[in-house]
Amino acid sequence: MSSAGTINDILDELDQIIAECEATNHRLGVFAYVYRRTTAEIAKEIALGRFEDNKRMEAFDVAFAMLYINAYKNYKVNKPVSKSWAFAFEQAENPLTIIQHILMGMNAHINLDLAIATAATMEGQNIMDLKNDFDKVNAILRQITDELQKRISRVSPLFFLLDILGQRSDEKIIDFSLQKTRSYAWHGAKTIWSQEVSERNKTIQNMDGFALKLSQHISYPNSWILKLILKVIGAFEEKNVSQIILTLYK
């Protein structure tokens with residue numbers, strides 16, 4: 001497994017994943033870009049001293065990011081990964097929309113990894129000491145939601161159809177669900193943190209199962225209208241991963 005000491009190390013690791021995906025035209029690079037963008041924003045806030053405990057926040061963010069980075073690297077060499085990450089990685093081979101790939105990555109990382117990283121960071125400490133900084137990240141993510149939507153629209157020109165489908169349901173999918181999953185992760189973290197070591201594996205397995213079911217729903221929604229809209233959106237999206245990432249960076 002890889003390790004990183006600083007948040008800048010994490011950004012370098014994510015750059016390597018993005019470059020690899022660009023070279024191989026692999027859609028896993030799309031989530032890696034979005035994650036790098038959010039991590040860079042958090043790094044900026046840490047550098048500005050915006051958190052109650054900036055040193056702890058950096059250690060927390062590094063631990064959180066490494067769960068994704070190691071899952072990606074393990075999957076690439078056929079080593080075991082969580083069910084929710086395995087499913088998200090496998091779907092990169094299927095003709096889903098850009099937003100679906102992004103959401104599956106967010107789902108596995110937040111609904112599973114975030115709880116694990118939070119509990120581990122606060123091992124032997126009062127987990128409530130992290131709550132304000134945890135919530136500060138929620139605010140940061142809300143601030144960049146519109147920016148990310150605009151960037152996605154550059155490579156997915158019919159992304160706006162989700163607006164028509166549900167009166168800005170695209171924003172609800174990205175923002176409201178993001179806040180909901182982070183709230184779920186916080187409660188999961190408190191559960192893991194409070195348990196004996198022997199009990200934690202079962203809790204983590206249950207959370208992984210929940211995340212897997214949600215990713216399956218993201219990939220194959222029950223609504224035939226949503227399926228049709230996603231198919232139309234996907235038909236007009238940029239398909240070249242290198243070009244997608246280049247455009248997202250602009």
# chains A, B, ... in the order shown; residues from 1 in each chain; ligands from 1
>>> residues_around(residues="Lys131 (chain A)", least_positions_apart="4", cutoff="12 Å", atoms="only C-alpha atoms", output="ChimeraX atom specification")
/A:51-53,57,118-119,122,126-127,135-138,182-183,185-187,189-190
>>> select_by_dssp(residues="region 10-248 of chain A", states="helix (DSSP H, G or I)", output="ChimeraX atom specification")
/A:10-24,28-47,54-76,83-93,98-121,127-155,161-166,169-194,197-219,224-235,241-248
>>> residues_around(residues="Asp15 (chain A)", least_positions_apart="6", cutoff="9 Å", atoms="only C-alpha atoms", output="JSON, numbers by chain")
{"A": [32, 33, 36]}
>>> residues_around(residues="region 61-73 of chain A", least_positions_apart="5", cutoff="9 Å", atoms="only C-alpha atoms", output="PyMOL selection string")
chain A and resi 1-7+9-10+13-14+17+28+35+39+42-43+56+78-82+85-86+89+105+108-109+113-118+120-121
>>> closest_residue(among="A:Leu141, A:Val232, A:Val155, A:Val241", to="Glu41 (chain A)", atoms="only C-alpha atoms")
A:Leu141
>>> atom_distance(atom1="CA of Asn8 (chain A)", atom2="CA of Leu130 (chain A)")
21.6 Å
>>> residues_around(residues="region 209-225 of chain A", least_positions_apart="6", cutoff="7 Å", atoms="only C-alpha atoms", output="ChimeraX atom specification")
/A:83-84,100,104,107-108,111-112
>>> closest_residue(among="A:Phe87, A:Ile99, A:Val197, A:Gln143", to="Glu123 (chain A)", atoms="only C-alpha atoms")
A:Val197
>>> residues_around(residues="Ala235 (chain A)", least_positions_apart="4", cutoff="10 Å", atoms="only C-alpha atoms", output="list in words")
Pro95, Leu96, Thr97, Ser156, Leu158, Ile229, Leu230, Lys231 and Lys239 of chain A
>>> closest_residue(among="A:Thr181, A:Thr38, A:Asn94, A:Asn240", to="Thr145 (chain A)", atoms="only C-alpha atoms")
A:Thr38
>>> atom_distance(atom1="CA of Ala59 (chain A)", atom2="CA of Ile144 (chain A)")
22.3 Å
>>> atom_distance(atom1="CA of Met106 (chain A)", atom2="CA of Ala88 (chain A)")
9.5 Å
